[in-house]
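Structure data follow from input.txt (compact mmCIF, C-alpha atoms):
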```txt
# COMPACT_ATOMS: atom_id res chain seq x y z
CA MET K 215 57.54 89.36 139.04
CA SER K 216 59.58 92.12 137.41
CA GLN K 217 57.92 94.96 135.55
CA LYS K 218 59.34 93.72 132.24
CA ALA K 219 57.95 90.21 132.80
CA ALA K 220 54.56 91.66 133.77
CA SER K 221 54.58 93.79 130.63
CA LYS K 222 55.40 90.76 128.45
CA SER K 223 52.64 88.77 130.16
CA ALA K 224 50.13 91.59 129.57
CA ALA K 225 51.20 91.77 125.93
CA LYS K 226 50.52 88.04 125.50
CA VAL K 227 47.02 88.43 126.94
CA LEU K 228 46.33 91.43 124.69
CA PHE K 229 47.67 89.49 121.72
CA GLN K 230 45.32 86.59 122.46
CA GLN K 231 42.36 88.97 122.74
CA ALA K 232 43.37 90.71 119.51
CA ASN K 233 43.50 87.38 117.68
CA GLU K 234 40.00 86.54 118.93
CA ALA K 235 38.71 89.92 117.74
CA TYR K 236 40.41 89.36 114.37
CA PHE K 237 38.75 85.97 113.91
CA ASP K 238 35.41 87.54 114.85
CA ASP K 239 35.94 90.12 112.04
CA GLU K 240 36.15 92.96 114.59
CA PHE K 241 39.13 94.54 112.85
CA GLU K 242 39.08 97.96 114.56
CA GLN K 243 39.10 96.32 117.99
CA ALA K 244 41.79 93.87 116.88
CA GLU K 245 43.99 96.73 115.63
CA SER K 246 43.59 98.54 118.95
CA LEU K 247 44.46 95.41 120.95
CA PHE K 248 47.49 94.61 118.77
CA THR K 249 48.66 98.21 119.23
CA GLN K 250 48.33 97.83 123.00
CA ALA K 251 50.25 94.53 122.88
CA ILE K 252 53.03 96.27 120.93
CA ALA K 253 53.07 99.10 123.48
CA SER K 254 53.53 96.49 126.22
CA ASP K 255 56.22 94.53 124.37
CA SER K 256 57.61 95.96 121.14
CA SER K 257 60.20 93.20 120.67
CA VAL K 258 57.85 90.58 119.20
CA GLY K 259 57.69 90.53 115.41
CA ASP K 260 54.48 88.50 115.33
CA TYR K 261 52.57 91.35 117.02
CA TYR K 262 53.57 93.70 114.18
CA LEU K 263 52.84 91.07 111.53
CA LYS K 264 49.32 90.43 112.85
CA ARG K 265 48.61 94.16 113.16
CA ALA K 266 49.83 94.57 109.57
CA GLN K 267 47.29 92.01 108.41
CA VAL K 268 44.50 93.77 110.32
CA ARG K 269 45.51 97.12 108.86
CA ALA K 270 45.40 95.61 105.38
CA LYS K 271 41.85 94.40 106.09
CA LEU K 272 41.03 97.99 107.10
CA ASP K 273 42.50 99.22 103.77
CA ASN K 274 45.36 101.02 105.52
CA ILE K 275 48.01 99.54 103.24
CA SER K 276 50.63 102.19 104.02
CA GLU K 277 50.64 101.37 107.74
CA ALA K 278 50.36 97.65 106.99
CA ALA K 279 53.53 97.83 104.89
CA LYS K 280 55.36 99.66 107.70
CA ASP K 281 54.30 97.03 110.23
CA ALA K 282 55.32 94.18 107.92
CA GLY K 283 58.72 95.84 107.47
CA LYS K 284 59.12 96.15 111.24
CA ALA K 285 58.11 92.50 111.69
CA ALA K 286 60.74 91.48 109.13
CA ASP K 287 63.38 93.54 110.95
CA LEU K 288 62.53 91.93 114.30
CA THR K 289 62.59 88.36 112.97
CA ALA K 290 65.47 88.69 110.46
CA ASN K 291 68.24 86.82 112.26
CA LYS K 292 66.17 84.40 114.31
CA THR K 293 65.96 80.98 112.70
CA GLU K 294 63.09 79.95 114.99
CA HIS K 295 61.03 82.74 113.37
CA LEU K 296 61.90 81.95 109.74
CA ARG K 297 58.25 81.39 108.77
CA GLN K 298 57.24 84.76 110.23
CA TYR K 299 60.23 86.44 108.58
CA PHE K 300 59.28 84.97 105.20
CA LYS K 301 55.65 86.04 105.58
CA ALA K 302 56.64 89.55 106.70
CA LEU K 303 58.95 89.93 103.70
CA TYR K 304 56.30 88.65 101.31
CA LEU K 305 53.57 90.94 102.68
CA HIS K 306 55.92 93.94 102.83
CA GLY K 307 56.87 93.33 99.21
CA LYS K 308 53.27 92.87 98.12
CA TRP K 309 52.00 95.99 99.86
CA SER K 310 55.00 98.09 98.84
CA TYR K 311 54.22 97.12 95.24
CA GLU K 312 50.61 98.25 95.70
CA LEU K 313 51.93 101.57 97.06
CA LYS K 314 54.21 101.87 94.00
CA GLN K 315 57.32 101.66 96.20
CA TYR K 316 58.97 99.33 93.74
CA ASP K 317 62.54 99.41 95.11
CA ASP K 318 61.34 98.45 98.62
CA ALA K 319 59.04 95.82 97.15
CA ALA K 320 61.80 94.26 95.06
CA GLU K 321 64.23 94.18 98.01
CA SER K 322 61.73 92.38 100.27
CA LEU K 323 60.62 90.00 97.54
CA ARG K 324 64.23 89.09 96.67
CA LYS K 325 64.90 88.24 100.31
CA ALA K 326 61.70 86.17 100.49
CA ALA K 327 62.67 84.38 97.27
CA THR K 328 66.00 83.33 98.82
CA ILE K 329 64.05 81.63 101.61
CA ASN K 330 61.50 79.96 99.32
CA PRO K 331 62.58 80.13 95.67
CA SER K 332 59.63 78.01 94.48
CA HIS K 333 56.88 80.31 95.83
CA GLU K 334 54.88 81.13 92.69
CA GLU K 335 53.28 84.38 93.92
CA ILE K 336 56.65 85.80 94.84
CA LYS K 337 58.13 84.85 91.48
CA GLU K 338 55.24 86.50 89.64
CA LEU K 339 55.27 89.65 91.76
CA LEU K 340 59.03 89.95 91.52
CA ALA K 341 58.83 89.60 87.72
CA LYS K 342 56.34 92.50 87.66
CA THR K 343 58.36 94.59 90.12
CA GLU K 344 61.92 94.21 88.77
CA PRO K 345 61.38 96.25 85.57
CA LEU K 346 59.90 99.11 87.62
CA THR K 347 62.83 99.48 90.03
CA THR K 348 65.39 102.25 89.85
CA PRO K 349 68.51 100.85 88.19
CA LYS K 350 71.55 100.79 90.44
CA PRO K 351 74.58 102.55 88.91
CA GLU K 352 77.38 100.18 87.98
CA PRO K 353 80.65 100.83 89.82
CA VAL K 354 83.14 102.49 87.49
CA ALA K 355 86.71 101.24 87.56
CA SER K 356 89.06 104.19 87.76
CA ALA K 357 92.36 104.20 85.92
CA PRO K 358 95.57 104.33 87.92
CA ALA K 359 97.13 107.82 88.03
CA GLY K 360 100.10 106.71 85.85
CA ASP K 361 97.84 105.59 82.99
CA ALA K 362 95.98 108.89 82.88
CA ALA K 363 99.25 110.81 82.69
CA ALA K 364 100.46 108.60 79.85
CA GLY K 365 97.45 109.63 77.77
CA SER K 366 95.69 106.28 77.82
CA ASP K 367 92.07 106.63 76.72
CA GLN K 368 90.97 103.34 78.25
CA ALA K 369 91.68 102.04 81.71
CA ALA K 370 93.17 98.56 81.73
CA VAL K 371 91.44 96.57 84.42
CA SER K 372 92.98 93.22 85.20
CA VAL K 373 90.70 90.66 86.77
CA PRO K 374 92.38 87.61 88.24
CA PRO K 375 91.26 84.42 86.52
CA ARG K 376 88.72 82.38 88.36
CA PRO K 377 90.04 79.00 89.43
CA GLN K 378 88.45 76.01 87.76
CA VAL K 379 86.75 73.78 90.29
CA ARG K 380 85.25 70.44 89.49
CA HIS K 381 82.53 68.93 91.62
CA GLU K 382 81.41 65.32 91.60
CA TRP K 383 78.64 63.92 93.71
CA TYR K 384 76.71 60.75 94.34
CA GLN K 385 73.49 60.42 96.28
CA ASN K 386 71.21 57.60 97.38
CA ASP K 387 68.55 57.21 100.08
CA ASN K 388 71.12 56.85 102.86
CA PHE K 389 73.95 59.27 102.11
CA VAL K 390 75.47 61.90 99.83
CA ILE K 391 79.12 61.95 98.69
CA ILE K 392 80.58 65.21 97.36
CA GLU K 393 84.09 65.45 95.94
CA VAL K 394 85.68 68.79 95.11
```

Here is a file; write its structure as structure tokens.
Amino acid sequence: MSQKAASKSAAKVLFQQANEAYFDDEFEQAESLFTQAIASDSSVGDYYLKRAQVRAKLDNISEAAKDAGKAADLTANKTEHLRQYFKALYLHGKWSYELKQYDDAAESLRKAATINPSHEEIKELLAKTEPLTTPKPEPVASAPAGDAAAGSDQAAVSVPPRPQVRHEWYQNDNFVIIEV
């Protein structure tokens, strides 16, 4: 067995023990075991997500938010981990809000809302967070050099018209027909 495989195997055992400690409300021990599992295999987002939850139970919200962010990063482009990714985004957003890191909270909550737009807690938290975020500056269209030399006070920006597209669809229990 290679060293990497042995390390991954040890991480799984530590993860199992950490989960047992968590369910027995032994949060300090669970945090230590999750940390050891991460040291053995830092590529598993679920290890960070579970440690984040333990750290939240221990009222270490700052570290919990960091772990949730790391879990989201590790599971971002893996469709088989979509549930973990969603949960990591939600928890990162929730804890970032509690830490008054509103821009980070809004970013995570927006991503979570794209995965599950009907999640009521995310909608409510996002509604509270959005007004507190730092507004992004709007891109300013610059005038062509010729217009400025001609003394034009306003830059003429031409936007190509958007093509009109008509969609028709029909759906029943067996199939869907879409015509564009």

Would you write out, as JSON lines, a table of all residues in range 226-310 of chain K that have an atom no more than 12 Å from an atom of range 341-353 of chain K, listing for each the closest atom pair and the distance in Å to one decimal, considering only C-alpha atoms and ordering rows by chain and rising residue number?
```
{"residue": "K:Gly307", "atom": "CA", "partner": "K:Thr343", "partner_atom": "CA", "distance": 9.3}
{"residue": "K:Lys308", "atom": "CA", "partner": "K:Thr343", "partner_atom": "CA", "distance": 9.6}
{"residue": "K:Trp309", "atom": "CA", "partner": "K:Thr343", "partner_atom": "CA", "distance": 11.7}
{"residue": "K:Ser310", "atom": "CA", "partner": "K:Thr343", "partner_atom": "CA", "distance": 10.0}
```

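Here CA of Ala279 in chain K stands at a distance of 25.7 Å from CA of Ala224 in chain K.
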
Fewer than 5 positions away in the same chain doesn't count, so skip those; otherwise give me all residues within 10 Å of Glu234 in chain K, counting only C-alpha atoms, as a PDB file with C-alpha atoms, in the frame of the given file.
```
ATOM      1  CA  LEU K 228      46.330  91.430 124.690  1.00  0.00           C
ATOM      2  CA  PHE K 229      47.670  89.490 121.720  1.00  0.00           C
ATOM      3  CA  ASP K 239      35.940  90.120 112.040  1.00  0.00           C
ATOM      4  CA  GLU K 240      36.150  92.960 114.590  1.00  0.00           C
ATOM      5  CA  GLN K 243      39.100  96.320 117.990  1.00  0.00           C
ATOM      6  CA  ALA K 244      41.790  93.870 116.880  1.00  0.00           C
TER       7      ALA K 244
END
```

*Would you list the contacts of Ala278 in chain K as a PyMOL selection string, taking every protein, DNA or RNA residue within 9 Å and counting all atoms listed in the file, but skipping same-chain residues closer than 6 positions in sequence?*
chain K and resi 262-263+265-270+305-306+309

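Nearest to Phe300 in chain K of all the residues K:Asn330, K:Asn274, K:Gln250, K:Ser216 is K:Asn330, counting all atoms listed in the file.
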
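The gap separating CA of Leu303 in chain K from CA of Lys325 in chain K is 7.1 Å, in Å to one decimal.
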
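As for CA of Lys337 in chain K and CA of Tyr316 in chain K, they are spaced 14.7 Å apart.
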
*Nearest to Gln298 in chain K, chosen from K:Asp387, K:Ala319, K:Ala326, K:Lys280, with only C-alpha atoms counted in the distances*: K:Ala326

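If all atoms listed in the file are the atoms counted, then among K:Asn291, K:Ser322, K:Asn233, K:Thr328 the closest residue to Glu245 in chain K is K:Asn233.
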